[in-house]
Structure formats: structure tokens, C-alpha cells
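Just model-v9.pdb here, PDB, C-alpha atoms:
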ATOM      1  CA  MET A   1     -30.348 -22.460   3.321
ATOM      2  CA  LYS A   2     -31.239 -19.012   4.698
ATOM      3  CA  LYS A   3     -29.155 -19.666   7.832
ATOM      4  CA  SER A   4     -26.053 -20.594   5.830
ATOM      5  CA  LEU A   5     -26.491 -17.552   3.554
ATOM      6  CA  GLY A   6     -26.886 -15.331   6.610
ATOM      7  CA  LEU A   7     -23.794 -16.886   8.228
ATOM      8  CA  LEU A   8     -21.808 -16.337   5.022
ATOM      9  CA  CYS A   9     -22.886 -12.656   4.892
ATOM     10  CA  LEU A  10     -22.000 -12.204   8.571
ATOM     11  CA  MET A  11     -18.537 -13.723   8.024
ATOM     12  CA  PHE A  12     -17.948 -11.431   5.019
ATOM     13  CA  LEU A  13     -19.023  -8.322   6.932
ATOM     14  CA  SER A  14     -16.882  -9.199   9.947
ATOM     15  CA  SER A  15     -13.829  -9.777   7.735
ATOM     16  CA  THR A  16     -14.278  -6.457   5.938
ATOM     17  CA  ALA A  17     -14.858  -4.680   9.243
ATOM     18  CA  GLN A  18     -11.405  -5.810  10.375
ATOM     19  CA  ALA A  19      -9.781  -4.647   7.139
ATOM     20  CA  ASP A  20      -8.535  -1.102   6.774
ATOM     21  CA  TYR A  21      -8.216   0.943   3.633
ATOM     22  CA  SER A  22      -5.609   3.597   3.078
ATOM     23  CA  ILE A  23      -5.075   6.353   0.580
ATOM     24  CA  SER A  24      -1.603   7.820   0.136
ATOM     25  CA  ALA A  25      -0.216  10.765  -1.790
ATOM     26  CA  GLY A  26       3.406  11.752  -2.150
ATOM     27  CA  PHE A  27       6.144  13.176  -4.300
ATOM     28  CA  GLY A  28       9.781  12.427  -4.919
ATOM     29  CA  LYS A  29      12.695  12.218  -7.319
ATOM     30  CA  ASN A  30      13.360   9.857 -10.247
ATOM     31  CA  PHE A  31      16.765   8.396 -11.060
ATOM     32  CA  THR A  32      16.747   6.784 -14.513
ATOM     33  CA  ASN A  33      19.360   4.692 -16.292
ATOM     34  CA  SER A  34      20.035   4.917 -20.022
ATOM     35  CA  VAL A  35      18.726   2.624 -22.774
ATOM     36  CA  GLN A  36      20.108   1.907 -26.214
ATOM     37  CA  THR A  37      18.350   1.984 -29.604
ATOM     38  CA  GLU A  38      18.831  -0.454 -32.480
ATOM     39  CA  GLU A  39      21.241   2.052 -34.011
ATOM     40  CA  ASN A  40      23.412   1.881 -30.833
ATOM     41  CA  LEU A  41      22.399   5.388 -29.815
ATOM     42  CA  LYS A  42      22.256   5.858 -26.066
ATOM     43  CA  ILE A  43      19.119   7.562 -24.738
ATOM     44  CA  GLU A  44      19.584   9.243 -21.371
ATOM     45  CA  LEU A  45      16.826  10.922 -19.376
ATOM     46  CA  GLU A  46      17.291  13.736 -16.900
ATOM     47  CA  ASP A  47      16.480  12.976 -13.258
ATOM     48  CA  ASP A  48      13.340  14.842 -12.270
ATOM     49  CA  SER A  49      10.469  14.923  -9.789
ATOM     50  CA  HIS A  50       7.185  13.002  -9.828
ATOM     51  CA  PHE A  51       4.011  12.537  -7.786
ATOM     52  CA  THR A  52       2.395   9.328  -6.557
ATOM     53  CA  VAL A  53      -1.018   8.164  -5.381
ATOM     54  CA  SER A  54      -1.932   4.758  -3.993
ATOM     55  CA  LEU A  55      -5.047   3.075  -2.671
ATOM     56  CA  ASP A  56      -4.485  -0.009  -0.506
ATOM     57  CA  ARG A  57      -6.353  -2.489   1.616
ATOM     58  CA  THR A  58      -4.538  -3.522   4.779
ATOM     59  CA  ILE A  59      -5.192  -6.782   6.612
ATOM     60  CA  ASP A  60      -3.177  -7.659   9.714
ATOM     61  CA  ASN A  61       0.469  -6.986   8.770
ATOM     62  CA  ALA A  62      -0.041  -6.943   4.999
ATOM     63  CA  ARG A  63      -1.344  -4.529   2.400
ATOM     64  CA  TYR A  64      -2.249  -4.686  -1.262
ATOM     65  CA  GLY A  65      -3.675  -2.252  -3.762
ATOM     66  CA  PHE A  66      -2.901   0.044  -6.676
ATOM     67  CA  PHE A  67      -0.075   2.532  -7.191
ATOM     68  CA  TYR A  68      -0.009   5.398  -9.723
ATOM     69  CA  SER A  69       2.958   7.603 -10.517
ATOM     70  CA  ALA A  70       3.439  10.275 -13.189
ATOM     71  CA  THR A  71       6.515  12.176 -14.306
ATOM     72  CA  GLU A  72       7.746  14.212 -17.255
ATOM     73  CA  LEU A  73      11.444  13.861 -18.068
ATOM     74  CA  ASP A  74      13.717  15.754 -20.453
ATOM     75  CA  MET A  75      16.153  13.883 -22.652
ATOM     76  CA  LYS A  76      19.812  14.687 -22.055
ATOM     77  CA  ASP A  77      21.609  16.306 -25.000
ATOM     78  CA  GLN A  78      18.332  16.668 -26.940
ATOM     79  CA  THR A  79      16.731  20.085 -27.099
ATOM     80  CA  ASN A  80      12.985  20.178 -26.517
ATOM     81  CA  LYS A  81      12.549  16.389 -26.292
ATOM     82  CA  GLN A  82      10.354  15.216 -23.418
ATOM     83  CA  VAL A  83       9.212  11.802 -22.230
ATOM     84  CA  GLU A  84       6.157  11.392 -20.013
ATOM     85  CA  MET A  85       5.781   8.205 -17.962
ATOM     86  CA  GLN A  86       2.665   7.063 -16.150
ATOM     87  CA  TYR A  87       2.925   3.940 -14.011
ATOM     88  CA  LEU A  88      -0.139   1.963 -12.921
ATOM     89  CA  LEU A  89       0.866  -1.003 -10.780
ATOM     90  CA  PHE A  90      -0.692  -3.606  -8.524
ATOM     91  CA  GLN A  91       1.352  -3.746  -5.316
ATOM     92  CA  SER A  92       1.566  -5.928  -2.239
ATOM     93  CA  ALA A  93       3.694  -5.521   0.892
ATOM     94  CA  VAL A  94       4.246  -6.903   4.370
ATOM     95  CA  GLU A  95       4.553  -4.584   7.377
ATOM     96  CA  VAL A  96       7.017  -5.060  10.229
ATOM     97  CA  PRO A  97       7.061  -2.982  13.450
ATOM     98  CA  LEU A  98      10.500  -1.370  13.797
ATOM     99  CA  ALA A  99      10.098   0.863  16.862
ATOM    100  CA  ASP A 100       7.444   2.712  18.812
ATOM    101  CA  ARG A 101       5.306   4.540  16.188
ATOM    102  CA  ILE A 102       7.489   3.326  13.264
ATOM    103  CA  VAL A 103       6.434   0.516  10.919
ATOM    104  CA  GLY A 104       8.621  -0.746   8.079
ATOM    105  CA  PHE A 105       7.325  -2.318   4.888
ATOM    106  CA  VAL A 106       8.726  -4.240   1.927
ATOM    107  CA  GLY A 107       6.846  -5.299  -1.182
ATOM    108  CA  ALA A 108       6.639  -6.072  -4.875
ATOM    109  CA  GLN A 109       4.717  -4.483  -7.733
ATOM    110  CA  ILE A 110       3.624  -5.422 -11.263
ATOM    111  CA  GLY A 111       1.777  -3.506 -13.957
ATOM    112  CA  ALA A 112       2.301  -1.142 -16.871
ATOM    113  CA  ASN A 113       4.215   2.000 -17.800
ATOM    114  CA  HIS A 114       2.520   4.207 -20.397
ATOM    115  CA  VAL A 115       5.250   6.166 -22.187
ATOM    116  CA  SER A 116       4.405   9.137 -24.372
ATOM    117  CA  THR A 117       6.734  11.593 -26.041
ATOM    118  CA  ASP A 118       6.458  14.822 -27.973
ATOM    119  CA  PHE A 119       8.312  13.273 -30.919
ATOM    120  CA  ALA A 120       6.751   9.797 -31.444
ATOM    121  CA  ASP A 121       3.650   7.686 -30.820
ATOM    122  CA  SER A 122       2.903   6.611 -27.266
ATOM    123  CA  ASP A 123       3.080   2.998 -26.082
ATOM    124  CA  THR A 124       2.506   0.879 -22.969
ATOM    125  CA  PHE A 125       5.162  -1.469 -21.580
ATOM    126  CA  PHE A 126       5.226  -4.226 -18.934
ATOM    127  CA  THR A 127       6.734  -3.090 -15.613
ATOM    128  CA  SER A 128       7.639  -4.807 -12.354
ATOM    129  CA  GLY A 129       9.740  -3.947  -9.340
ATOM    130  CA  LEU A 130      10.330  -3.883  -5.610
ATOM    131  CA  TYR A 131       9.854  -1.244  -2.924
ATOM    132  CA  ALA A 132      10.593  -0.670   0.755
ATOM    133  CA  GLY A 133      10.151   2.093   3.290
ATOM    134  CA  ALA A 134       8.818   3.119   6.664
ATOM    135  CA  ASP A 135       5.703   4.773   8.117
ATOM    136  CA  TYR A 136       5.769   7.157  11.063
ATOM    137  CA  LEU A 137       2.442   6.955  12.921
ATOM    138  CA  PHE A 138       1.042  10.245  14.193
ATOM    139  CA  THR A 139      -2.102   8.248  14.973
ATOM    140  CA  GLU A 140      -3.299   4.826  13.806
ATOM    141  CA  GLN A 141      -4.959   6.592  10.871
ATOM    142  CA  ALA A 142      -2.560   9.427   9.966
ATOM    143  CA  ARG A 143       0.951   8.476   8.839
ATOM    144  CA  VAL A 144       3.927   9.993   7.078
ATOM    145  CA  TYR A 145       6.013   7.645   4.947
ATOM    146  CA  VAL A 146       9.349   7.504   3.152
ATOM    147  CA  GLU A 147      10.075   4.856   0.545
ATOM    148  CA  THR A 148      12.353   3.772  -2.278
ATOM    149  CA  ARG A 149      11.068   2.000  -5.380
ATOM    150  CA  TRP A 150      12.844   0.129  -8.164
ATOM    151  CA  LEU A 151      10.816   0.024 -11.389
ATOM    152  CA  ALA A 152      11.971  -2.114 -14.324
ATOM    153  CA  THR A 153      10.191  -1.437 -17.632
ATOM    154  CA  ILE A 154      10.764  -3.896 -20.475
ATOM    155  CA  VAL A 155      11.065  -2.001 -23.761
ATOM    156  CA  ASN A 156      11.570  -3.864 -27.029
ATOM    157  CA  ASN A 157      11.246  -3.830 -30.806
ATOM    158  CA  ALA A 158       7.695  -5.175 -30.741
ATOM    159  CA  SER A 159       6.360  -1.846 -29.492
ATOM    160  CA  ASN A 160       4.071   0.302 -31.611
ATOM    161  CA  VAL A 161       6.314   3.329 -31.221
ATOM    162  CA  SER A 162       7.036   4.857 -34.585
ATOM    163  CA  CYS A 163      10.563   5.458 -35.754
ATOM    164  CA  THR A 164      11.920   7.101 -38.867
ATOM    165  CA  LEU A 165      15.303   6.077 -40.178
ATOM    166  CA  PRO A 166      18.020   8.715 -40.107
ATOM    167  CA  THR A 167      18.340  10.728 -43.304
ATOM    168  CA  SER A 168      21.417  12.585 -42.106
ATOM    169  CA  GLU A 169      23.840  12.590 -39.185
ATOM    170  CA  ASP A 170      21.672  15.175 -37.403
ATOM    171  CA  ASP A 171      18.553  12.981 -37.568
ATOM    172  CA  GLN A 172      18.374  10.090 -35.151
ATOM    173  CA  CYS A 173      15.986   7.235 -34.573
ATOM    174  CA  LEU A 174      15.002   8.249 -31.071
ATOM    175  CA  TRP A 175      12.553   5.675 -29.821
ATOM    176  CA  HIS A 176      13.055   2.164 -31.199
ATOM    177  CA  PHE A 177      14.555  -0.045 -28.496
ATOM    178  CA  ASP A 178      16.599  -3.193 -28.838
ATOM    179  CA  GLY A 179      15.152  -5.514 -26.164
ATOM    180  CA  ASP A 180      16.418  -3.410 -23.281
ATOM    181  CA  VAL A 181      15.187  -2.757 -19.741
ATOM    182  CA  LEU A 182      14.618   0.778 -18.499
ATOM    183  CA  ASN A 183      15.487   0.838 -14.780
ATOM    184  CA  GLN A 184      14.134   3.695 -12.740
ATOM    185  CA  PHE A 185      14.564   4.358  -9.037
ATOM    186  CA  GLN A 186      12.196   6.565  -7.049
ATOM    187  CA  THR A 187      12.591   8.110  -3.628
ATOM    188  CA  ASN A 188       9.260   9.258  -2.182
ATOM    189  CA  ILE A 189       7.900  11.062   0.827
ATOM    190  CA  GLY A 190       4.213  11.423   1.485
ATOM    191  CA  PHE A 191       1.143  11.242   3.691
ATOM    192  CA  SER A 192      -1.115   8.237   4.221
ATOM    193  CA  TYR A 193      -4.541   8.073   5.843
ATOM    194  CA  ARG A 194      -6.294   4.859   6.911
ATOM    195  CA  PHE A 195     -10.040   4.549   7.264
TER     196      PHE A 195
END
Please re-express this file's structure in C-alpha cells.
Amino acid sequence: MKKSLGLLCLMFLSSTAQADYSISAGFGKNFTNSVQTEENLKIELEDDSHFTVSLDRTIDNARYGFFYSATELDMKDQTNKQVEMQYLLFQSAVEVPLADRIVGFVGAQIGANHVSTDFADSDTFFTSGLYAGADYLFTEQARVYVETRWLATIVNNASNVSCTLPTSEDDQCLWHFDGDVLNQFQTNIGFSYRF
């Protein structure tokens, strides 16, 4: 019994010794499509910058971990209306050597987008997407990366976001969606360190 427990511990330690961990930080630009409310009002968000952080475990030519991104966007044609989005996603990718010191990667992600505004209650929505990019290896540990991400957030009427009905033409129901998908594209550049 003790021998098999010892063998199991040794196998676990040897497998974790071969696994790398990486932490990445970057920034980039958001490109967001428009969504439509129940009242057929189109909501458009300005393209703006964001920052990202991820923590991954890498095994052989694969990696998996968590991705966080935060941004604050202004609404087009609406004075002083801001929308803050915070993504927390589980991600997984495969790595493919492209050239000497360059490694490409492609992956998928799933998680949540917490949306808060300065004009309504906040809410959390289901999000999924795809991403791809490339690492440039200064060393095996230090890397610079560029990537593109597609994030699809499902927004719908079942959300807890409050909405007041219009009382005049100037008032609008700003945040009550009609089963739409908010597509957002990110371009990122950043630094990654493996340990």
C-alpha cells in the first residue's frame, strides 16, 4: 500500500515538474458591434482600449488557464453614458511552431462577461469565443505575443438589468436586450513569462 502511494506521488510530482506555468499581461483595442433593444433602438459602443491578464498551465504543445480582460466603453450618440465590461474566461489552446523563435497558437474560451453601466443595474452574461496569435521567444521563459480574440456575449430579456419605459421621445430604454449577441473583437499585444 505504501509503495503504491509513493509511486502515485512520484508520478504526480514528475508530471507537474514537466508542466510549465505562464503569466501574461497585455493591452489592446476593442472593436464592438451594435445590439438592439426591445424598442428597436440600436445601441452602439465606441471602440476603445483594454488590458488583459492570463494565467496558464502549459503541457507539451497545449495550454489552458484563465483569461481576464477589462474595458470601459462610451456609448455612441449618448452623452455621459459608459459601459464597463469585465471578462473572466477559461481558455485552452494548442501551440504550433511556425519558425525559429516563433510559436503560433489557436484556442477557444468560455466564461462570463460582467457588464455594468452608470445608468442601470449591472449583470453577468454567458460568453464564449475563439482566439489566435503568435509568441516571439526571447528565451524559453520570456515571450512577446500578439493575438486576436472574438468574444460573443449572449444578452437577453431574462437579465436582471433594470429598464424604465420611455416617458417621452428624449427618454429611451437603454439596456433591455431582445435575445441578441454582442460580438466584440480584441487585438492584443503583451508580455508572457513562463516558470
Could you give me, as a PyMOL selection string, the residues within 12 Å of segment 75-88 of chain A, counting all atoms listed in the file and dropping anything in the same chain fewer than 6 positions from it? chain A and resi 30+32-35+41-55+65-69+109-129+151-153+170-172+174-175+182+184+186
Run the PyMOL selection byres ((chain A and resi 188-194) around 9) on the file and write out the hits as JSON, numbers by chain. {"A": [20, 21, 22, 23, 24, 25, 26, 27, 28, 29, 50, 51, 52, 54, 58, 135, 140, 141, 142, 143, 144, 145, 146, 147, 148, 149, 186, 187, 195]}
To verify the selection step, state as an MDAnalysis selection string which residues the PyMOL selection byres ((chain A and resi 93) around 6) yields on this input. chainID A and resid 62:63 92 94 106:107
Enclose the full set of atoms of segment 140-156 of chain A listed in the file within a box whose edges lie along x, y and z, apply 8 Å of padding to each of the six sides, and report centre and edge lengths in Å to one decimal as lines of an AutoDock Vina configuration file.
center_x = 3.9
center_y = 3.0
center_z = -6.6
size_x = 33.8
size_y = 29.9
size_z = 56.8
May I have the residues within 12 Å of Ala99 of chain A as a ChimeraX atom specification, using all atoms listed in the file and disregarding those fewer than 5 positions away in the same chain? /A:104,134-137
Could you check how far atom CA of Phe31 of chain A sits from atom CA of Trp150 of chain A, in Å to one decimal?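 Atom CA of Trp150 of chain A lies at a distance of 9.6 Å from atom CA of Phe31 of chain A.
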Kindly give the distance, in Å, that separates atom CA of Ala108 of chain A and atom CA of Glu72 of chain A, rounded to a single decimal.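 Rounded to one decimal, the two atoms are 23.8 Å apart.
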Taking all atoms listed in the file into account, which of A:Tyr64, A:Asp180, A:Gly133, A:Arg57 comes nearest Gln91 of chain A?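 Smallest distance to Gln91 of chain A is found for A:Tyr64.
Note that the spacing between atom CA of Asp60 of chain A and atom CA of Glu95 of chain A amounts to 8.6 Å.
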Option closest in space to Leu130 of chain A, from A:Val96, A:Val155, A:Phe185, A:Asp56 [counting only C-alpha atoms]: A:Phe185
